[in-house]
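Asks: What follows is target-v4.txt, compact mmCIF, C-alpha atoms and all ligand atoms.
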# COMPACT_ATOMS: atom_id res chain seq x y z
CA MET A 1177 -27.08 -13.11 -24.33
CA LYS A 1178 -24.59 -10.77 -22.65
CA LYS A 1179 -22.50 -12.08 -19.80
CA VAL A 1180 -21.41 -10.40 -16.58
CA LEU A 1181 -19.06 -11.87 -14.02
CA VAL A 1182 -18.91 -10.40 -10.52
CA ILE A 1183 -15.79 -11.16 -8.52
CA TYR A 1184 -16.10 -10.19 -4.88
CA PHE A 1185 -14.91 -10.81 -1.36
CA THR A 1186 -16.66 -9.82 1.83
CA GLN A 1187 -16.36 -10.56 5.52
CA SER A 1188 -19.45 -8.95 7.00
CA GLY A 1189 -21.57 -9.01 3.83
CA GLN A 1190 -21.31 -5.24 3.29
CA LEU A 1191 -19.62 -5.53 -0.08
CA ASN A 1192 -22.03 -8.18 -1.24
CA LYS A 1193 -24.95 -5.88 -0.36
CA ALA A 1194 -23.31 -2.95 -2.16
CA VAL A 1195 -22.65 -4.85 -5.38
CA LYS A 1196 -26.09 -6.52 -5.38
CA ALA A 1197 -27.79 -3.14 -4.89
CA THR A 1198 -25.72 -1.65 -7.70
CA LEU A 1199 -26.50 -4.50 -10.06
CA SER A 1200 -30.22 -4.64 -9.25
CA PRO A 1201 -31.07 -3.12 -12.68
CA PHE A 1202 -29.15 -6.02 -14.30
CA GLU A 1203 -31.18 -8.68 -12.50
CA ASN A 1204 -34.12 -10.56 -14.02
CA ARG A 1205 -33.35 -9.57 -17.59
CA LYS A 1206 -33.60 -12.21 -20.26
CA ASP A 1207 -30.71 -10.71 -22.24
CA ILE A 1208 -28.16 -10.73 -19.36
CA GLU A 1209 -26.58 -13.59 -17.46
CA ILE A 1210 -24.78 -12.75 -14.20
CA HIS A 1211 -22.37 -15.06 -12.41
CA TYR A 1212 -21.39 -14.14 -8.84
CA GLU A 1213 -18.02 -15.46 -7.73
CA GLN A 1214 -17.25 -15.06 -4.05
CA LEU A 1215 -13.54 -15.39 -3.33
CA LYS A 1216 -12.78 -17.72 -0.45
CA PRO A 1217 -9.29 -17.85 1.07
CA LYS A 1218 -8.26 -21.44 1.91
CA SER A 1219 -7.38 -20.26 5.36
CA ALA A 1220 -10.18 -17.81 6.24
CA PHE A 1221 -9.37 -14.35 7.56
CA PRO A 1222 -10.93 -13.92 10.99
CA PHE A 1223 -14.02 -11.80 11.59
CA PRO A 1224 -14.14 -10.17 14.03
CA TRP A 1225 -10.36 -9.90 14.17
CA THR A 1226 -8.28 -9.90 17.31
CA TYR A 1227 -6.04 -6.86 17.73
CA MET A 1228 -2.93 -8.93 16.84
CA GLN A 1229 -4.51 -10.68 13.86
CA PHE A 1230 -5.65 -7.34 12.46
CA PHE A 1231 -2.30 -5.58 12.61
CA ASP A 1232 -0.35 -8.73 11.70
CA ALA A 1233 -2.15 -8.72 8.34
CA PHE A 1234 -0.67 -5.29 7.57
CA PRO A 1235 2.82 -6.03 6.13
CA GLU A 1236 1.85 -8.68 3.57
CA CYS A 1237 -1.26 -6.72 2.62
CA VAL A 1238 0.78 -3.59 1.83
CA GLN A 1239 3.43 -5.67 0.06
CA GLY A 1240 0.77 -7.34 -2.09
CA LYS A 1241 1.59 -10.92 -1.02
CA ALA A 1242 -0.96 -13.53 -2.04
CA CYS A 1243 -2.89 -16.08 0.01
CA GLU A 1244 -4.27 -19.35 -1.39
CA LEU A 1245 -7.86 -19.30 -2.63
CA GLU A 1246 -10.45 -22.05 -3.00
CA PRO A 1247 -11.03 -23.12 -6.64
CA PHE A 1248 -13.25 -20.82 -8.70
CA SER A 1249 -16.62 -21.77 -10.13
CA PHE A 1250 -16.39 -19.55 -13.24
CA ASN A 1251 -14.76 -20.64 -16.44
CA PRO A 1252 -11.76 -18.36 -17.14
CA SER A 1253 -11.70 -19.19 -20.84
CA GLU A 1254 -15.25 -17.89 -21.26
CA LYS A 1255 -15.51 -14.37 -22.69
CA TYR A 1256 -17.43 -12.03 -20.37
CA ASP A 1257 -18.77 -8.72 -21.69
CA LEU A 1258 -18.14 -7.10 -18.33
CA VAL A 1259 -16.32 -8.10 -15.17
CA ILE A 1260 -17.21 -6.32 -11.94
CA ILE A 1261 -14.49 -6.44 -9.28
CA ALA A 1262 -16.04 -5.59 -5.92
CA TYR A 1263 -13.44 -5.11 -3.24
CA GLN A 1264 -12.48 -3.30 -0.05
CA PRO A 1265 -9.22 -1.56 0.79
CA TRP A 1266 -7.21 -3.02 3.64
CA PHE A 1267 -4.43 -0.73 4.88
CA LEU A 1268 -4.69 1.54 1.82
CA SER A 1269 -4.11 -1.51 -0.41
CA VAL A 1270 -6.34 -3.97 -2.25
CA SER A 1271 -7.62 -6.50 0.34
CA VAL A 1272 -5.51 -9.69 0.37
CA PRO A 1273 -8.15 -12.07 -1.08
CA VAL A 1274 -8.90 -9.81 -4.06
CA ASN A 1275 -5.26 -9.00 -4.64
CA SER A 1276 -4.51 -12.75 -4.51
CA PHE A 1277 -7.14 -13.35 -7.15
CA LEU A 1278 -5.52 -10.76 -9.43
CA GLN A 1279 -2.28 -12.76 -9.27
CA THR A 1280 -3.83 -16.04 -10.49
CA LYS A 1281 -3.49 -17.46 -14.00
CA GLU A 1282 -7.31 -17.48 -14.18
CA ALA A 1283 -7.40 -13.70 -13.65
CA LYS A 1284 -4.78 -13.24 -16.34
CA GLN A 1285 -6.84 -15.25 -18.81
CA LEU A 1286 -10.17 -13.73 -17.79
CA LEU A 1287 -9.23 -10.07 -17.70
CA LYS A 1288 -7.17 -9.71 -20.86
CA ASN A 1289 -8.91 -7.18 -23.14
CA THR A 1290 -11.99 -7.30 -20.91
CA ASN A 1291 -14.02 -4.33 -19.65
CA VAL A 1292 -13.88 -3.97 -15.88
CA VAL A 1293 -15.90 -1.88 -13.42
CA THR A 1294 -14.65 -1.66 -9.85
CA VAL A 1295 -17.05 -1.27 -6.92
CA LEU A 1296 -15.69 -0.39 -3.48
CA ALA A 1297 -17.43 -0.32 -0.10
CA CYS A 1298 -15.16 0.85 2.69
CA ARG A 1299 -14.53 3.33 5.49
CA ASN A 1300 -13.34 6.32 3.43
CA MET A 1301 -9.72 5.79 2.37
CA TRP A 1302 -9.64 4.06 -0.99
CA LEU A 1303 -7.52 6.24 -3.29
CA ASN A 1304 -4.24 4.40 -2.90
CA ALA A 1305 -5.89 0.97 -3.12
CA GLN A 1306 -7.54 1.98 -6.37
CA GLU A 1307 -4.20 3.21 -7.73
CA LYS A 1308 -2.79 -0.25 -6.99
CA MET A 1309 -5.84 -1.81 -8.66
CA LYS A 1310 -5.34 0.39 -11.76
CA THR A 1311 -1.70 -0.71 -11.99
CA VAL A 1312 -2.54 -4.42 -11.78
CA LEU A 1313 -5.40 -4.13 -14.26
CA LYS A 1314 -3.12 -2.34 -16.69
CA SER A 1315 -0.49 -5.07 -16.38
CA LEU A 1316 -3.22 -7.65 -17.16
CA ASP A 1317 -4.34 -5.67 -20.26
CA ALA A 1318 -7.81 -5.16 -18.76
CA ASN A 1319 -9.86 -2.04 -19.60
CA LEU A 1320 -10.98 -0.24 -16.48
CA VAL A 1321 -14.11 1.55 -17.68
CA GLY A 1322 -15.79 2.56 -14.43
CA ASN A 1323 -15.39 2.95 -10.70
CA ILE A 1324 -18.05 3.32 -8.00
CA THR A 1325 -17.20 3.91 -4.35
CA TYR A 1326 -19.41 3.67 -1.28
CA VAL A 1327 -18.00 5.08 1.93
CA ASP A 1328 -18.93 5.67 5.55
CA LYS A 1329 -20.03 9.31 5.63
CA ALA A 1330 -19.20 9.96 9.30
CA PRO A 1331 -16.29 12.34 10.15
CA ASN A 1332 -12.91 10.62 9.83
CA LEU A 1333 -12.20 10.23 13.54
CA VAL A 1334 -15.69 8.93 14.24
CA SER A 1335 -15.44 6.24 11.56
CA LEU A 1336 -11.95 5.40 12.81
CA ILE A 1337 -13.51 4.41 16.14
CA THR A 1338 -16.53 2.69 14.62
CA VAL A 1339 -14.46 0.67 12.11
CA PHE A 1340 -12.34 -0.67 14.97
CA ALA A 1341 -15.46 -1.50 17.01
CA PHE A 1342 -16.77 -3.26 13.92
CA ALA A 1343 -13.65 -5.11 12.73
CA LEU A 1344 -12.25 -5.94 16.18
CA GLY A 1345 -15.45 -6.21 18.20
CA GLY A 1346 -18.01 -7.17 15.57
CA VAL A 1347 -20.16 -4.23 16.76
CA GLN A 1348 -21.86 -2.44 13.89
CA HIS A 1349 -24.82 -0.84 15.62
CA LYS A 1350 -24.38 2.28 17.78
CA TYR A 1351 -21.09 1.49 19.52
CA LEU A 1352 -21.36 2.44 23.22
CA GLY A 1353 -24.82 3.76 22.43
CA ILE A 1354 -23.45 7.04 21.09
CA PHE A 1355 -21.51 6.34 17.90
CA PRO A 1356 -23.26 6.03 14.54
CA LYS A 1357 -23.51 2.65 12.82
CA TYR A 1358 -20.30 1.78 10.93
CA GLY A 1359 -20.41 1.46 7.19
CA VAL A 1360 -22.22 2.46 4.04
CA SER A 1361 -25.73 3.72 4.80
CA GLU A 1362 -28.77 1.63 3.91
CA LYS A 1363 -30.29 4.69 2.23
CA GLU A 1364 -27.33 5.05 -0.10
CA LEU A 1365 -27.64 1.39 -1.07
CA SER A 1366 -31.38 1.48 -1.58
CA THR A 1367 -31.53 4.75 -3.53
CA LYS A 1368 -28.19 5.73 -5.05
CA ALA A 1369 -26.79 2.28 -5.85
CA PRO A 1370 -29.55 1.25 -8.31
CA GLN A 1371 -29.24 4.65 -10.06
CA LEU A 1372 -25.51 4.14 -10.51
CA GLY A 1373 -26.14 0.57 -11.63
CA ASP A 1374 -28.59 1.83 -14.21
CA ILE A 1375 -25.93 4.13 -15.66
CA VAL A 1376 -23.60 1.15 -15.97
CA LEU A 1377 -26.42 -0.90 -17.53
CA GLN A 1378 -27.13 1.69 -20.25
CA HIS A 1379 -23.48 1.85 -21.26
CA PHE A 1380 -23.17 -1.92 -21.04
CA LEU A 1381 -26.13 -2.40 -23.40
CA SER A 1382 -24.79 0.11 -25.91
CA ASP A 1383 -21.26 -1.24 -25.44
CA ASN A 1384 -19.88 2.28 -25.24
CA TYR A 1385 -18.30 3.40 -21.99
CA THR A 1386 -16.78 6.69 -23.16
CA SER A 1387 -18.90 9.03 -21.04
CA MET A 1388 -19.77 6.57 -18.27
CA GLN A 1389 -17.35 7.64 -15.55
CA ASN A 1390 -18.37 11.30 -15.92
CA GLU A 1391 -22.02 10.34 -15.56
CA LEU A 1392 -21.22 8.21 -12.53
CA ILE A 1393 -19.31 11.10 -10.96
CA LYS A 1394 -22.22 13.51 -11.58
CA ASN A 1395 -24.49 11.05 -9.78
CA GLY A 1396 -22.29 10.77 -6.72
CA ALA A 1397 -20.28 7.61 -7.45
CA ILE A 1398 -17.03 9.11 -6.21
CA ASN A 1399 -16.38 10.42 -2.72
CA ILE A 1400 -13.10 12.27 -2.25
CA LYS A 1401 -12.36 14.72 0.55
CA SER A 1402 -9.21 16.81 0.35
CA ASN A 1403 -8.23 16.05 3.99
CA LEU A 1404 -8.29 12.31 3.29
CA LEU A 1405 -6.39 12.82 0.07
CA LEU A 1406 -3.59 14.46 2.08
CA LEU A 1407 -3.79 11.85 4.87
CA GLU A 1408 -3.50 8.99 2.41
CA GLY A 1409 -0.50 10.72 0.87
CA ARG A 1410 1.27 10.38 4.26
CA GLY A 1411 0.22 6.73 4.68
CA LYS A 1412 1.40 5.86 1.19
CA VAL A 1413 4.94 6.91 2.08
CA PHE A 1414 5.03 5.50 5.61
CA PHE A 1415 3.25 2.14 5.14
CA PRO A 1416 5.78 0.31 2.89
CA ILE A 1417 8.64 1.37 5.17
CA TYR A 1418 6.96 0.03 8.30
CA ALA A 1419 5.73 -3.09 6.48
CA ASN A 1420 9.34 -3.93 5.55
CA TYR A 1421 10.48 -3.21 9.08
CA ILE A 1422 7.97 -5.75 10.48
CA SER A 1423 8.55 -8.41 7.83
CA LYS A 1424 12.30 -8.39 8.46
CA LYS A 1425 11.41 -10.26 11.67
CA GLY A 1426 9.40 -12.96 9.90
CA THR A 1427 6.23 -13.68 7.95
CA TRP A 1428 2.53 -13.80 8.82
CA GLY A 1429 1.86 -15.11 12.30
CA THR A 1430 5.48 -15.56 13.41
CA GLU A 1431 6.27 -15.01 17.06
CA ASP A 1432 9.42 -12.94 16.42
CA ARG A 1433 7.66 -10.01 14.83
CA LYS A 1434 4.90 -9.63 17.43
CA THR A 1435 6.54 -6.72 19.25
CA ARG A 1436 6.88 -4.72 16.02
CA VAL A 1437 3.26 -5.55 15.10
CA ARG A 1438 2.08 -4.46 18.55
CA ILE A 1439 3.94 -1.14 18.26
CA PHE A 1440 2.38 -0.56 14.86
CA GLY A 1441 -1.05 -1.20 16.39
CA ILE A 1442 -0.44 1.70 18.74
CA VAL A 1443 1.41 4.00 16.33
CA LEU A 1444 -1.18 3.82 13.53
CA PRO A 1445 -4.31 4.93 15.43
CA THR A 1446 -2.23 7.50 17.35
CA ALA A 1447 -0.78 8.92 14.13
CA ILE A 1448 -4.26 9.18 12.60
CA LEU A 1449 -5.56 10.87 15.76
CA ILE A 1450 -2.74 13.42 15.75
CA LEU A 1451 -2.49 13.95 12.01
CA SER A 1452 -6.21 14.10 11.30
CA PRO A 1453 -6.91 17.53 12.84
CA ILE A 1454 -3.65 18.98 11.47
CA ILE A 1455 -4.40 17.66 8.02
CA THR A 1456 -8.00 18.86 8.20
CA ILE A 1457 -6.69 22.40 8.77
CA ALA A 1458 -4.13 21.96 5.97
CA SER A 1459 -6.86 20.65 3.69
CA ARG A 1460 -8.99 23.76 4.35
CA LEU A 1461 -6.00 25.92 3.42
CA ALA A 1462 -4.79 23.84 0.47
CA PRO A 1463 -7.69 24.67 -1.90
CA ILE A 1464 -7.11 28.36 -1.09
CA LEU A 1465 -3.33 28.19 -1.48
CA PHE A 1466 -3.17 25.67 -4.34
CA PRO A 1467 -6.68 25.59 -5.86
CA LYS A 1468 -5.56 24.22 -9.21
CA LYS A 1469 -3.45 21.44 -7.75
CA ILE A 1470 -6.16 20.13 -5.39
CA LYS A 1471 -8.80 20.29 -8.13
CA LYS A 1472 -6.48 18.41 -10.48
CA GLU A 1473 -5.75 15.75 -7.86
CA ILE A 1474 -9.45 15.17 -7.16
CA GLU A 1475 -10.15 14.97 -10.90
CA TYR A 1476 -7.35 12.46 -11.35
CA TYR A 1477 -8.47 10.16 -8.53
CA SER A 1478 -12.09 10.35 -9.76
CA GLY A 1479 -11.08 8.93 -13.13
CA ASN A 1480 -9.82 5.61 -14.42
CA SER A 1481 -6.60 6.66 -16.07
CA ILE A 1482 -3.22 5.99 -14.53
CA ARG A 1483 -0.30 8.36 -14.18
C1 LIG B 1501 -7.60 -5.31 7.89
C2 LIG B 1501 -8.50 -4.19 7.47
C3 LIG B 1501 -7.97 -3.00 6.99
C4 LIG B 1501 -8.80 -1.98 6.53
N1 LIG B 1501 -8.24 -0.85 5.98
C5 LIG B 1501 -9.07 0.08 5.39
C6 LIG B 1501 -8.51 1.18 4.67
O1 LIG B 1501 -7.29 1.33 4.50
N2 LIG B 1501 -9.38 2.10 4.15
C7 LIG B 1501 -10.73 2.00 4.30
O2 LIG B 1501 -11.44 2.87 3.82
N3 LIG B 1501 -11.28 0.95 4.96
C8 LIG B 1501 -10.49 -0.02 5.50
N4 LIG B 1501 -11.05 -1.11 6.13
C9 LIG B 1501 -12.53 -1.27 6.13
C10 LIG B 1501 -12.93 -2.15 4.95
O3 LIG B 1501 -12.64 -1.50 3.74
C11 LIG B 1501 -14.42 -2.55 4.96
O4 LIG B 1501 -15.24 -1.44 5.10
C12 LIG B 1501 -14.78 -3.50 6.04
O5 LIG B 1501 -13.76 -4.45 6.21
C13 LIG B 1501 -16.10 -4.21 5.78
O6 LIG B 1501 -16.06 -4.86 4.52
P1 LIG B 1501 -16.59 -6.33 4.25
O7 LIG B 1501 -17.28 -6.79 5.49
O8 LIG B 1501 -17.54 -6.23 3.08
O9 LIG B 1501 -15.40 -7.20 3.94
C14 LIG B 1501 -10.22 -2.13 6.62
C15 LIG B 1501 -10.75 -3.31 7.15
C16 LIG B 1501 -9.93 -4.33 7.55
C17 LIG B 1501 -10.55 -5.61 8.06
Hey, can you dump this file as structure tokens for me?

Replies:
Amino acid sequence: MKKVLVIYFTQSGQLNKAVKATLSPFENRKDIEIHYEQLKPKSAFPFPWTYMQFFDAFPECVQGKACELEPFSFNPSEKYDLVIIAYQPWFLSVSVPVNSFLQTKEAKQLLKNTNVVTVLACRNMWLNAQEKMKTVLKSLDANLVGNITYVDKAPNLVSLITVFAFALGGVQHKYLGIFPKYGVSEKELSTKAPQLGDIVLQHFLSDNYTSMQNELIKNGAINIKSNLLLLEGRGKVFFPIYANYISKKGTWGTEDRKTRVRIFGIVLPTAILILSPIITIASRLAPILFPKKIKKEIEYYSGNSIR
């Protein structure tokens, strides 16, 4: 009997749907046992979020601070043949509940010398979060053997509006009657996800993951656009600076830092609105001006190695 452990967190259920659809080829097999472990913060994150709650989560999220989690139901001393970590980026970082899990002694015990596949379901900016994930997994001596990403396929500025309507207003369907539904499409989950899951299954059964990521990439498991690659590059530099600036005034929820949080809540969407079109033009030029560099960057972020 081979054993799979799925560690996941979700607020709206999107990530749960994505990982279940991906693992559908693993289900109902006599030779595989799957344990789903949903992470539950002791003090739940709100959903939908208020404007202040949303932006107040930013500093500690970027700084990788942990929250307390409810006890786990899996046994960390058990040896799993594969651990799936299904997570979402928050502010270009690993979401707080999943990042908190990675800092526990149970994660340390569980993940040492264990094969890991990451599954992400998000808006469209996941590169930096996955770099942080790679770094943590490396420090835990885990073997990252695969990565699958599901994103919202709408243009960046459209999904910026719909993700806010979703996270702050709880509206997923046709915001204002004109915007598309936020999130990963049902079609992608019903058709592509099981195909990707089947690729993982075949490698899992043969216990050889050497060519898996390339096969996943060929089948559409990785979504990288050069404009978002450049936009994330800006965020990566700016986010830690502003996170430190806010946290100098206090921690999570403190009254003293509210003004700085409020300013950030205005600056961030405005910066994305202004930078997005500029970066889109730059990203059209970049592959012409620096074709090798852009190709190399996309190849790097599609893979599981770490610089
Ligand atoms: C606080 C917060 C920050 C987010 N930041 C990002 C981000 O940086 N990149 C991204 O692609 N999506 C981001 N999202 C969207 C999430 O990745 C995800 O799509 C959404 O929260 C739904 O996931 P869930 O309901 O399964 O938890 C963010 C969502 C929240 C709540």

Asks: For ligand LIG 1501 (chain B), which residue among A:Ala1197, A:Ile1393, A:Ile1208, A:Leu1303 is the nearest when counting all atoms listed in the file?

Replies: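 When distances to ligand LIG 1501 (chain B) are compared using all atoms listed in the file, the smallest one comes from A:Leu1303.
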
Asks: When the cut-off is 6 Å and you count only C-alpha atoms and all ligand atoms, which residues lie near ligand LIG 1501 (chain B), shown as an NGL selection string?

Replies: :A and (1186-1191 or 1230 or 1264-1268 or 1297-1302 or 1343)

Asks: For A:Gly1429, which of A:Tyr1184, A:Phe1202, A:Tyr1476, A:Phe1231 is the closest residue, counting all atoms listed in the file?

Replies: A:Phe1231

Asks: Would you work out the distance separating atom CA of A:Met1177 from atom CA of A:Asp1207, expressed in Å to one decimal?

Replies: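 So the two atoms, atom CA of A:Met1177 and atom CA of A:Asp1207, lie 4.8 Å apart.
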
Asks: From the set A:Glu1391, A:Asn1403, A:Tyr1418, A:Gly1373, which residue has the shortest atom-to-atom contact distance to A:Val1443, counting all atoms listed in the file?

Replies: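 Checking each candidate against A:Val1443, we get A:Tyr1418 as the closest.
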
Asks: So which one's closest to A:Val1376, A:Ala1397, A:Ile1470, A:Ala1220, A:Ala1242? Using all atoms listed in the file, please.

Replies: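 Ranked by minimum distance to A:Val1376, first place goes to A:Ala1397.
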
Asks: Rounded to one decimal place, report the atom CA of A:Leu1320-atom CA of A:Val1292 distance in Å.

Replies: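 It comes out at 4.8 Å.
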
Asks: With only C-alpha atoms as the atoms that count, which of A:Asn1204, A:Thr1226, A:Asn1319, A:Thr1435 lies nearest to A:Ile1422?

Replies: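 The answer is A:Thr1435, which sits nearest to A:Ile1422.
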
Asks: Taking into account only C-alpha atoms, which residue in the set A:Val1195, A:Val1334, A:Leu1444, A:Val1321 is nearest to A:Thr1386?

Replies: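 For A:Thr1386, the nearest of the candidates is A:Val1321.
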
Asks: Near A:Ile1260, within 8 Å and counting all atoms listed in the file, which residues show up once chain neighbours fewer than 4 positions away are dropped, as a PDB file with C-alpha atoms, keeping the file's coordinate frame?

Replies:
ATOM      1  CA  VAL A1180     -21.410 -10.400 -16.580  1.00  0.00           C
ATOM      2  CA  LEU A1181     -19.060 -11.870 -14.020  1.00  0.00           C
ATOM      3  CA  VAL A1182     -18.910 -10.400 -10.520  1.00  0.00           C
ATOM      4  CA  ILE A1183     -15.790 -11.160  -8.520  1.00  0.00           C
ATOM      5  CA  VAL A1292     -13.880  -3.970 -15.880  1.00  0.00           C
ATOM      6  CA  VAL A1293     -15.900  -1.880 -13.420  1.00  0.00           C
ATOM      7  CA  THR A1294     -14.650  -1.660  -9.850  1.00  0.00           C
ATOM      8  CA  VAL A1295     -17.050  -1.270  -6.920  1.00  0.00           C
TER       9      VAL A1295
END

Asks: Applying 12 Å and all atoms listed in the file, which residues near A:Ala1447 remain after dropping the ones on its own chain fewer than 6 positions away? List them as a list in words.

Replies: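 In the requested format, the answer is Leu1333, Leu1336, Leu1407, Arg1410, Gly1411, Phe1414, Phe1415, Ile1439, Phe1440, Gly1441, Pro1453, Ile1454 and Ile1455 of chain A.
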
Asks: Could you name the residues that touch A:Trp1225 at 9 Å or less, counting all atoms listed in the file, but leaving out those on the same chain fewer than 6 positions away, as number ranges by chain?

Replies: A: 1343-1346

Asks: I want to know what sits within 10 Å of A:Phe1221, based on all atoms listed in the file, with residues of the same chain fewer than 5 positions away left out; could you give that as a PyMOL selection string?

Replies: chain A and resi 1187+1216+1229-1230+1233+1272-1273

Asks: Please save C-alpha atoms of the selected residues as an mmCIF file, in the frame of the given file.

Replies:
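Written output follows (out.cif):
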data_model
loop_
_atom_site.group_PDB
_atom_site.id
_atom_site.type_symbol
_atom_site.label_atom_id
_atom_site.label_comp_id
_atom_site.auth_asym_id
_atom_site.auth_seq_id
_atom_site.Cartn_x
_atom_site.Cartn_y
_atom_site.Cartn_z
ATOM 1 C CA GLN A 1187 -16.360 -10.560 5.520
ATOM 2 C CA LYS A 1216 -12.780 -17.720 -0.450
ATOM 3 C CA GLN A 1229 -4.510 -10.680 13.860
ATOM 4 C CA PHE A 1230 -5.650 -7.340 12.460
ATOM 5 C CA ALA A 1233 -2.150 -8.720 8.340
ATOM 6 C CA VAL A 1272 -5.510 -9.690 0.370
ATOM 7 C CA PRO A 1273 -8.150 -12.070 -1.080
#

Asks: One number please: atom CA of A:Tyr1256 to atom CA of A:Gln1285, in Å, one decimal.

Replies: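 We find that atom CA of A:Tyr1256 and atom CA of A:Gln1285 lie 11.2 Å from each other.
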